[in-house]
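Everything below concerns the one structure shown next.
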There are 2 protein chains.
Amino acid sequence: MRALVYTDTQKLIYKEENNPKTIDGESIIKITASGICGSDMHAYHGKDNRRVPPLILGHEISGVIDKGKDIGKEVVLNPLITCKKCDYCKNAREHLCINRIILGMNRPIERQGGFAEFVSIPERNIYNLPKGLNIKEAPIAEPTAVALHAVELGEKAILKDIKDAKALVIGGGAIGLLCGLILSKFKKCKDIIIVDPNNKRLKECSKYLEANPVNPESDAIAENSFDIVFDTVGLEITRQQSIKSIKAGGTIIHIGLTQPSGNFDFRKTTLQEITFIGTYCYTNNDFKKTLEILSKKQLGNLTWIEYRNLKDGAKAFKEIHDGSCSSPKIVLLI
Amino acid sequence: MRALVYTDTQKLIYKEENNPKTIDGESIIKITASGICGSDMHAYHGKDNRRVPPLILGHEISGVIDKGKDIGKEVVLNPLITCKKCDYCKNAREHLCINRIILGMNRPIERQGGFAEFVSIPERNIYNLPKGLNIKEAPIAEPTAVALHAVELGEKAILKDIKDAKALVIGGGAIGLLCGLILSKFKKCKDIIIVDPNNKRLKECSKYLEANPVNPESDAIAENSFDIVFDTVGLEITRQQSIKSIKAGGTIIHIGLTQPSGNFDFRKTTLQEITFIGTYCYTNNDFKKTLEILSKKQLGNLTWIEYRNLKDGAKAFKEIHDGSCSSPKIVLLI
């Protein structure tokens, strides 16, 4: 099969690879569309020890069943493969499964990803493409589930109705935009600021999201003024903006993984009773709920997704890397 | 009146001071007993910009009403003075009041503290000494309310019954011991480890607390193994122990203020969905509940409190500072 293979830091080659082998309890999917995620970019920069070249990246996947049950059915994949045996799996927190694997990773266990013609996946990870969701758009289900889980963690932690909360979303990438859209359109939150240093991105987000779009140095981001902050970037500097702008008793939801560690103001966290919650996954129930939301078009139209061909994938990675791409999400078509 | 005055870094002088003036809506309390808190030690080390010398420290106070309503009544003070007007005060989160003042602080507003013969306090901050609680022991109500609030924040955040949780308490000082006692005796948590580098302290805690007492390097503190961690120290190194030892999906409650900032592992926080909550105060309801708990002797006997005379207070501070004092709490008698 043809595949876009991550071969070295900032290097991807479109080349011939072996087709996935048939495995008991799994199906082979002929991939239609595959989204590029921030964590793929993290791997591309050589910074993810779970994704080591050579590897086919990609875990936001839609396609058609090629081998297995229900051949020919259009499907969306939940790329999170869990053990079903540990305490987390048994208690509906399977996203924390101690043996979890994600497609497009090869440490500790290898699972080739979605930037290819075919992929193998356990049957239980396959969901019907819901009515109302185009198969090309369907890879967006995965980051939408991430954002839904994050928003609902925050909703549970804050002590007021999220409709009435003042929210700051840091980062105008896919997760930032999706958190904003879920807050605004699904949770009916009325007071949202979205912040990004890239004006092209802000302009693009503004077409779809009812929020005040600002740069990081804007006066609109007042100190101690937000009930909830979503840091979808995860840099030391964005965490510092989170803790500075959060109100006493507020909640910071941290989804980004850009800088794994760094300095932080624990004094304010303590004196002002701040809750800081890290998250980057979703439960099976979140994934189902996401498909329902997308099926009902509850987040508006998805024309902010940009499409490229798989064979041009290396160029797409490069444009995301150098900031010349303003789209919050690029989906590669196979 | 006689008072123990904090005059300079690591310097306290027992000397004559002016009596507090009578203020409308306030009472003057003749102080019986006043506890030394970790935050008093923080001031003593010159590290608290809210407590600047010269100042009478101390906010864990019991005594007898000397001027005002109910003269002669034995009382315990809630030292947290709030505005009753802000959103926090109106929504039962008065401990986050944006105008809050604590006795024994002088920034931004001066309020002399409890290491003296008399103190002035608003009537609404005065609570009857409950039956079953000795007036000498009563200053312990304040740190007990801090610990109760912390334990109950954690109880709400974790997704299992706290009775069945595996808990790590970092620090064998008053807050650590009290968190342990509340977990064990009040919440019936059966699996507690308490960790402190000071063996004298651990030995003292072990007399009262059903927990496994260990040093920081002990193998008992396994990686990824605790549902909940209470960091009652607040050093960079204790926060690092917290994040290392917490299980996926677990909760860290951070009460200490020793090091205001420092490096932290945000990657694990994010990948493992860790909740980190800062806290150092309590609501009025927590304070009332604490008095009830102490009245019913639900935390066992309080013979771990050590008593000294106010005039010898400087020596007590010095012994806490140099680690030669093994008692988790020293109360000064006036």
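Residue numbers start at 1 in each chain; chains themselves are named A, B, ... in the order of the structure tokens; ligands are numbered from 1 in the order shown.
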
Residues of range 72-179 of chain B in strand (DSSP E), written as a ChimeraX atom specification: /B:74-77,80-81,101-102,118-122,126-128,166-170

Once you have the residues from the selection above, write them out as a JSON list (two decimals), in the first residue's frame, restricted to C-alpha atoms.
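So result_9.json came out as:
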```json
[["chain", "number", "residue", "atom", "x", "y", "z"],
["B", 74, "GLU", "CA", -15.31, 31.20, 76.50],
["B", 75, "VAL", "CA", -14.78, 31.36, 72.75],
["B", 76, "VAL", "CA", -12.80, 30.19, 69.72],
["B", 77, "LEU", "CA", -12.02, 32.62, 66.91],
["B", 80, "LEU", "CA", -10.69, 34.90, 58.54],
["B", 81, "ILE", "CA", -12.43, 38.26, 58.24],
["B", 101, "ILE", "CA", -8.05, 39.64, 56.00],
["B", 102, "ILE", "CA", -6.55, 37.21, 58.49],
["B", 118, "PHE", "CA", -5.85, 40.87, 73.89],
["B", 119, "VAL", "CA", -7.14, 40.97, 70.34],
["B", 120, "SER", "CA", -10.08, 42.71, 68.62],
["B", 121, "ILE", "CA", -12.32, 40.67, 66.28],
["B", 122, "PRO", "CA", -15.71, 41.13, 64.53],
["B", 126, "ILE", "CA", -16.57, 34.50, 67.43],
["B", 127, "TYR", "CA", -17.73, 30.92, 68.12],
["B", 128, "ASN", "CA", -18.74, 29.42, 71.46],
["B", 166, "LYS", "CA", -4.94, 4.73, 48.94],
["B", 167, "ALA", "CA", -3.73, 8.02, 50.44],
["B", 168, "LEU", "CA", -0.29, 9.58, 50.81],
["B", 169, "VAL", "CA", 0.18, 12.43, 53.29],
["B", 170, "ILE", "CA", 3.42, 14.36, 52.77]]
```

Mind dumping a table of every chain A residue within 8 Å of chain B, with the nearest atom pair and its distance in Å to one decimal, using only C-alpha atoms, sorted by chain and rising number, as a Markdown table?
```
| residue | atom | partner | partner_atom | distance |
| --- | --- | --- | --- | --- |
| A:Leu96 | CA | B:Ala248 | CA | 6.3 |
| A:Ala248 | CA | B:Leu96 | CA | 6.3 |
| A:Gly249 | CA | B:Leu96 | CA | 6.9 |
| A:His254 | CA | B:Thr270 | CA | 6.6 |
| A:Ile255 | CA | B:Thr270 | CA | 6.3 |
| A:Gly256 | CA | B:Thr270 | CA | 7.6 |
| A:Leu257 | CA | B:Arg267 | CA | 6.3 |
| A:Gln259 | CA | B:Arg267 | CA | 7.8 |
| A:Pro260 | CA | B:Arg267 | CA | 4.6 |
| A:Ser261 | CA | B:Asp265 | CA | 4.8 |
| A:Gly262 | CA | B:Asn263 | CA | 4.9 |
| A:Asn263 | CA | B:Asn263 | CA | 4.4 |
| A:Phe264 | CA | B:Ser261 | CA | 5.5 |
| A:Asp265 | CA | B:Ser261 | CA | 4.8 |
| A:Phe266 | CA | B:Ser261 | CA | 5.2 |
| A:Arg267 | CA | B:Pro260 | CA | 4.6 |
| A:Thr269 | CA | B:Gly278 | CA | 5.0 |
| A:Thr270 | CA | B:Gly278 | CA | 3.8 |
| A:Leu271 | CA | B:Tyr280 | CA | 6.0 |
| A:Gln272 | CA | B:Leu96 | CA | 6.5 |
| A:Glu273 | CA | B:Thr279 | CA | 4.6 |
| A:Ile274 | CA | B:Gly278 | CA | 5.5 |
| A:Thr275 | CA | B:Ile277 | CA | 4.4 |
| A:Phe276 | CA | B:Phe276 | CA | 5.0 |
| A:Ile277 | CA | B:Thr275 | CA | 4.4 |
| A:Gly278 | CA | B:Thr270 | CA | 3.8 |
| A:Thr279 | CA | B:Glu273 | CA | 4.6 |
| A:Tyr280 | CA | B:Leu271 | CA | 6.0 |
| A:Cys281 | CA | B:Leu271 | CA | 7.8 |
```

Output file for the selection above: C-alpha atoms, as a short mmCIF file (atom, residue, chain, number, x, y, z; two decimals), in the first residue's frame:
```cif
data_model
loop_
_atom_site.label_atom_id
_atom_site.label_comp_id
_atom_site.auth_asym_id
_atom_site.auth_seq_id
_atom_site.Cartn_x
_atom_site.Cartn_y
_atom_site.Cartn_z
CA LEU A 96 -6.76 5.89 31.59
CA ALA A 248 -9.94 32.68 42.80
CA GLY A 249 -11.69 29.30 43.00
CA HIS A 254 -4.62 21.76 30.49
CA ILE A 255 -4.75 19.87 27.19
CA GLY A 256 -1.52 20.84 25.42
CA LEU A 257 1.69 18.87 25.53
CA GLN A 259 6.46 21.82 26.86
CA PRO A 260 6.41 18.81 29.19
CA SER A 261 7.58 20.71 32.28
CA GLY A 262 8.38 24.20 33.48
CA ASN A 263 7.98 26.73 36.23
CA PHE A 264 4.54 27.46 37.69
CA ASP A 265 3.00 29.74 40.35
CA PHE A 266 1.95 27.32 43.08
CA ARG A 267 1.48 30.16 45.56
CA THR A 269 -2.78 28.02 43.08
CA THR A 270 -2.78 27.46 46.84
CA LEU A 271 -3.89 30.84 48.19
CA GLN A 272 -6.70 31.16 45.62
CA GLU A 273 -7.86 27.52 45.61
CA ILE A 274 -7.21 26.94 41.91
CA THR A 275 -8.03 23.55 40.37
CA PHE A 276 -5.66 22.44 37.61
CA ILE A 277 -6.72 19.39 35.59
CA GLY A 278 -4.66 17.72 32.89
CA THR A 279 -6.44 15.85 30.11
CA TYR A 280 -5.80 14.59 26.61
CA CYS A 281 -8.13 11.68 25.98
#
```

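Excluding range 49-58 of chain A and any residue on its chain fewer than 6 positions from it, the residues at most 7 Å away by only C-alpha atoms are Leu4, Val5, Tyr6, Thr7, Asp8, Ser34, Gly35, Ile36, Asp40, Ala43, Leu103, Gly104, Met105, Asn106, Arg107, Pro108, Gln112, Gly113, Gly114 and Phe115 of chain A.
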
For the residues selected in the previous step, produce a file with N, CA, C and O atoms as an mmCIF file, in the first residue's frame.
```cif
data_model
loop_
_atom_site.group_PDB
_atom_site.id
_atom_site.type_symbol
_atom_site.label_atom_id
_atom_site.label_comp_id
_atom_site.auth_asym_id
_atom_site.auth_seq_id
_atom_site.Cartn_x
_atom_site.Cartn_y
_atom_site.Cartn_z
ATOM 1 N N LEU A 4 2.337 7.490 4.030
ATOM 2 C CA LEU A 4 3.212 8.616 4.352
ATOM 3 C C LEU A 4 3.983 8.205 5.604
ATOM 4 O O LEU A 4 3.406 8.094 6.681
ATOM 5 N N VAL A 5 5.273 7.945 5.446
ATOM 6 C CA VAL A 5 6.044 7.385 6.560
ATOM 7 C C VAL A 5 6.942 8.454 7.193
ATOM 8 O O VAL A 5 7.664 9.178 6.491
ATOM 9 N N TYR A 6 6.838 8.546 8.512
ATOM 10 C CA TYR A 6 7.714 9.428 9.292
ATOM 11 C C TYR A 6 9.048 8.701 9.427
ATOM 12 O O TYR A 6 9.128 7.657 10.083
ATOM 13 N N THR A 7 10.097 9.227 8.757
ATOM 14 C CA THR A 7 11.369 8.500 8.709
ATOM 15 C C THR A 7 12.464 9.124 9.570
ATOM 16 O O THR A 7 13.431 8.456 9.944
ATOM 17 N N ASP A 8 12.290 10.419 9.876
ATOM 18 C CA ASP A 8 13.302 11.097 10.691
ATOM 19 C C ASP A 8 12.709 12.443 11.140
ATOM 20 O O ASP A 8 11.681 12.864 10.615
ATOM 21 N N SER A 34 -7.786 11.130 6.948
ATOM 22 C CA SER A 34 -6.956 10.994 8.142
ATOM 23 C C SER A 34 -6.447 12.386 8.540
ATOM 24 O O SER A 34 -5.773 13.043 7.752
ATOM 25 N N GLY A 35 -6.790 12.846 9.758
ATOM 26 C CA GLY A 35 -6.435 14.198 10.187
ATOM 27 C C GLY A 35 -5.049 14.291 10.793
ATOM 28 O O GLY A 35 -4.562 13.335 11.408
ATOM 29 N N ILE A 36 -4.416 15.465 10.630
ATOM 30 C CA ILE A 36 -3.111 15.703 11.273
ATOM 31 C C ILE A 36 -3.368 16.368 12.623
ATOM 32 O O ILE A 36 -4.010 17.422 12.717
ATOM 33 N N ASP A 40 0.867 14.504 16.345
ATOM 34 C CA ASP A 40 1.653 14.073 15.174
ATOM 35 C C ASP A 40 2.776 15.087 14.920
ATOM 36 O O ASP A 40 3.901 14.716 14.587
ATOM 37 N N ALA A 43 5.548 14.534 17.345
ATOM 38 C CA ALA A 43 6.399 13.431 16.878
ATOM 39 C C ALA A 43 7.330 13.921 15.765
ATOM 40 O O ALA A 43 8.546 13.679 15.797
ATOM 41 N N LEU A 103 -3.403 4.264 17.904
ATOM 42 C CA LEU A 103 -2.922 4.080 16.530
ATOM 43 C C LEU A 103 -1.861 5.133 16.210
ATOM 44 O O LEU A 103 -1.961 6.274 16.655
ATOM 45 N N GLY A 104 -0.871 4.745 15.417
ATOM 46 C CA GLY A 104 0.155 5.710 15.013
ATOM 47 C C GLY A 104 1.203 5.955 16.080
ATOM 48 O O GLY A 104 1.808 7.017 16.142
ATOM 49 N N MET A 105 1.406 4.964 16.950
ATOM 50 C CA MET A 105 2.470 5.007 17.968
ATOM 51 C C MET A 105 3.208 3.683 17.888
ATOM 52 O O MET A 105 2.614 2.678 17.497
ATOM 53 N N ASN A 106 4.474 3.679 18.314
ATOM 54 C CA ASN A 106 5.171 2.389 18.341
ATOM 55 C C ASN A 106 5.919 2.117 19.640
ATOM 56 O O ASN A 106 6.696 1.181 19.726
ATOM 57 N N ARG A 107 5.669 2.907 20.656
ATOM 58 C CA ARG A 107 6.222 2.633 21.985
ATOM 59 C C ARG A 107 5.099 2.702 23.011
ATOM 60 O O ARG A 107 4.333 3.671 22.969
ATOM 61 N N PRO A 108 4.892 1.808 23.949
ATOM 62 C CA PRO A 108 5.696 0.587 24.110
ATOM 63 C C PRO A 108 5.329 -0.498 23.105
ATOM 64 O O PRO A 108 6.100 -1.428 22.916
ATOM 65 N N GLN A 112 0.661 0.748 13.684
ATOM 66 C CA GLN A 112 0.801 1.698 12.584
ATOM 67 C C GLN A 112 -0.469 2.551 12.475
ATOM 68 O O GLN A 112 -1.563 2.113 12.836
ATOM 69 N N GLY A 113 -0.296 3.791 11.980
ATOM 70 C CA GLY A 113 -1.387 4.761 11.992
ATOM 71 C C GLY A 113 -2.118 4.930 10.682
ATOM 72 O O GLY A 113 -2.077 4.052 9.794
ATOM 73 N N GLY A 114 -2.782 6.076 10.542
ATOM 74 C CA GLY A 114 -3.769 6.296 9.499
ATOM 75 C C GLY A 114 -3.312 7.023 8.242
ATOM 76 O O GLY A 114 -4.126 7.229 7.345
ATOM 77 N N PHE A 115 -2.058 7.446 8.175
ATOM 78 C CA PHE A 115 -1.603 8.115 6.949
ATOM 79 C C PHE A 115 -1.154 7.055 5.936
ATOM 80 O O PHE A 115 0.026 6.959 5.564
#
```

Selection: 10 Å around Ser295 in chain B, only C-alpha atoms, excl. self and same-chain fewer than 6 positions, as a PyMOL selection string: chain B and resi 129-134+138+289

Atoms to include: all heavy atoms. Write the selected residues as a compact mmCIF listing (two decimals), in the first residue's frame.
```txt
# COMPACT_ATOMS: atom_id res chain seq x y z
N LEU B 129 -17.00 28.21 72.63
CA LEU B 129 -16.15 27.04 72.88
C LEU B 129 -17.08 25.84 73.03
O LEU B 129 -17.94 25.83 73.91
CB LEU B 129 -15.33 27.25 74.16
CG LEU B 129 -14.42 26.09 74.55
CD1 LEU B 129 -13.19 26.06 73.66
CD2 LEU B 129 -14.01 26.17 76.01
N PRO B 130 -16.94 24.82 72.17
CA PRO B 130 -17.88 23.70 72.28
C PRO B 130 -17.58 22.83 73.50
O PRO B 130 -16.43 22.76 73.95
CB PRO B 130 -17.65 22.93 70.98
CG PRO B 130 -16.28 23.28 70.55
CD PRO B 130 -15.98 24.65 71.08
N LYS B 131 -18.63 22.18 74.00
CA LYS B 131 -18.46 21.21 75.10
C LYS B 131 -17.46 20.14 74.67
O LYS B 131 -17.46 19.71 73.52
CB LYS B 131 -19.79 20.51 75.39
CG LYS B 131 -20.71 21.31 76.29
CD LYS B 131 -21.98 20.52 76.59
CE LYS B 131 -23.06 21.48 77.09
NZ LYS B 131 -24.39 20.87 77.08
N GLY B 132 -16.66 19.68 75.59
CA GLY B 132 -15.74 18.57 75.27
C GLY B 132 -14.42 19.05 74.71
O GLY B 132 -13.50 18.26 74.55
N LEU B 133 -14.33 20.34 74.41
CA LEU B 133 -13.05 20.86 73.91
C LEU B 133 -12.47 21.81 74.96
O LEU B 133 -13.11 22.80 75.35
CB LEU B 133 -13.26 21.60 72.58
CG LEU B 133 -11.98 22.15 71.91
CD1 LEU B 133 -11.01 21.03 71.54
CD2 LEU B 133 -12.33 22.95 70.66
N ASN B 134 -11.28 21.49 75.43
CA ASN B 134 -10.60 22.30 76.43
C ASN B 134 -10.16 23.63 75.80
O ASN B 134 -9.71 23.65 74.66
CB ASN B 134 -9.37 21.50 76.90
CG ASN B 134 -8.68 22.17 78.06
OD1 ASN B 134 -8.18 23.29 77.93
ND2 ASN B 134 -8.68 21.50 79.20
N ALA B 138 -8.27 24.51 72.19
CA ALA B 138 -9.19 25.04 71.18
C ALA B 138 -8.52 25.74 69.98
O ALA B 138 -9.09 25.73 68.88
CB ALA B 138 -10.21 25.96 71.83
N LYS B 289 -18.35 22.81 61.37
CA LYS B 289 -18.27 21.34 61.34
C LYS B 289 -17.06 20.85 62.15
O LYS B 289 -17.12 19.84 62.85
CB LYS B 289 -18.15 20.88 59.87
CG LYS B 289 -18.31 19.40 59.65
CD LYS B 289 -18.45 19.10 58.16
CE LYS B 289 -18.43 17.60 57.89
NZ LYS B 289 -18.57 17.31 56.44
```

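For the pair CA of Thr144 in chain B and CA of Val214 in chain B, the interatomic distance is 22.8 Å.
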
With a distance cut-off of 6 Å and only C-alpha atoms, select the neighbouring residues of Ile193 in chain B, excluding the residue or stretch itself and same-chain residues fewer than 3 positions from it, and output the selection as a PyMOL selection string. chain B and resi 168+211-213

Show me, as a VMD selection string, the residues that have an atom within 10 Å of Ser326 in chain B when counting only C-alpha atoms, minus same-chain residues fewer than 2 positions from it. chain B and resid 172 to 173 198 to 205 304 306 319 to 320 323 to 324 328 to 330

Would you mind exporting N, CA, C and O atoms of the selected residues as a short mmCIF file (atom, residue, chain, number, x, y, z; two decimals), in the first residue's frame?
```cif
data_model
loop_
_atom_site.label_atom_id
_atom_site.label_comp_id
_atom_site.auth_asym_id
_atom_site.auth_seq_id
_atom_site.Cartn_x
_atom_site.Cartn_y
_atom_site.Cartn_z
N GLY B 172 4.71 15.64 58.31
CA GLY B 172 4.20 15.23 59.61
C GLY B 172 4.02 16.39 60.57
O GLY B 172 4.10 16.24 61.77
N GLY B 173 3.78 17.57 60.03
CA GLY B 173 3.45 18.72 60.87
C GLY B 173 1.97 18.68 61.22
O GLY B 173 1.30 17.66 61.01
N ASN B 198 11.89 13.69 59.05
CA ASN B 198 12.23 13.79 60.46
C ASN B 198 11.62 12.63 61.25
O ASN B 198 10.41 12.56 61.47
N ASN B 199 12.49 11.71 61.69
CA ASN B 199 11.99 10.51 62.38
C ASN B 199 11.33 10.80 63.72
O ASN B 199 10.42 10.09 64.13
N LYS B 200 11.78 11.87 64.38
CA LYS B 200 11.16 12.24 65.66
C LYS B 200 9.69 12.59 65.44
O LYS B 200 8.81 12.24 66.21
N ARG B 201 9.45 13.35 64.36
CA ARG B 201 8.08 13.73 64.02
C ARG B 201 7.23 12.52 63.66
O ARG B 201 6.08 12.41 64.08
N LEU B 202 7.81 11.64 62.84
CA LEU B 202 7.07 10.43 62.43
C LEU B 202 6.66 9.62 63.65
O LEU B 202 5.54 9.12 63.74
N LYS B 203 7.60 9.51 64.61
CA LYS B 203 7.35 8.72 65.82
C LYS B 203 6.20 9.34 66.61
O LYS B 203 5.31 8.65 67.10
N GLU B 204 6.21 10.67 66.67
CA GLU B 204 5.17 11.38 67.40
C GLU B 204 3.81 11.18 66.70
O GLU B 204 2.81 10.85 67.35
N CYS B 205 3.78 11.33 65.38
CA CYS B 205 2.54 11.12 64.62
C CYS B 205 2.01 9.70 64.81
O CYS B 205 0.80 9.47 64.94
N TRP B 304 -1.04 15.43 71.60
CA TRP B 304 0.13 15.73 70.77
C TRP B 304 0.42 17.23 70.72
O TRP B 304 1.47 17.66 70.24
N GLU B 306 1.73 20.59 72.24
CA GLU B 306 2.68 20.94 73.29
C GLU B 306 2.41 22.38 73.72
O GLU B 306 2.13 23.23 72.87
N GLU B 319 13.03 26.65 68.07
CA GLU B 319 13.08 25.17 68.07
C GLU B 319 12.34 24.57 66.87
O GLU B 319 12.74 23.55 66.34
N ILE B 320 11.23 25.22 66.50
CA ILE B 320 10.53 24.73 65.29
C ILE B 320 11.45 24.95 64.08
O ILE B 320 11.62 24.07 63.24
N GLY B 323 14.33 22.44 63.90
CA GLY B 323 13.92 21.03 63.83
C GLY B 323 14.08 20.26 65.13
O GLY B 323 13.87 19.05 65.18
N SER B 324 14.48 20.95 66.22
CA SER B 324 14.70 20.22 67.48
C SER B 324 13.38 19.95 68.20
O SER B 324 13.34 19.20 69.17
N PRO B 328 3.98 18.25 66.60
CA PRO B 328 3.37 18.83 65.39
C PRO B 328 2.72 20.19 65.66
O PRO B 328 2.41 20.91 64.71
N LYS B 329 2.49 20.54 66.93
CA LYS B 329 1.84 21.83 67.21
C LYS B 329 2.27 22.36 68.57
O LYS B 329 2.20 21.64 69.57
N ILE B 330 2.72 23.61 68.58
CA ILE B 330 2.99 24.29 69.85
C ILE B 330 1.93 25.36 70.04
O ILE B 330 1.68 26.17 69.13
#
```

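For range 250-324 of chain A, backbone-based DSSP assignment of alpha helix (DSSP H) covers Phe266, Arg267, Lys268, Thr269, Thr270, Leu271, Asn284, Asn285, Asp286, Phe287, Lys288, Lys289, Thr290, Leu291, Glu292, Ile293, Leu294, Ser295, Gly313, Ala314, Lys315, Ala316, Phe317, Lys318, Glu319, Ile320, His321 and Asp322 of chain A.
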
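The smallest atom-to-atom distance between His45 in chain A and any of A:Ile109, A:His321, A:Lys85, A:Phe287, using only C-alpha atoms, is found for A:His321.
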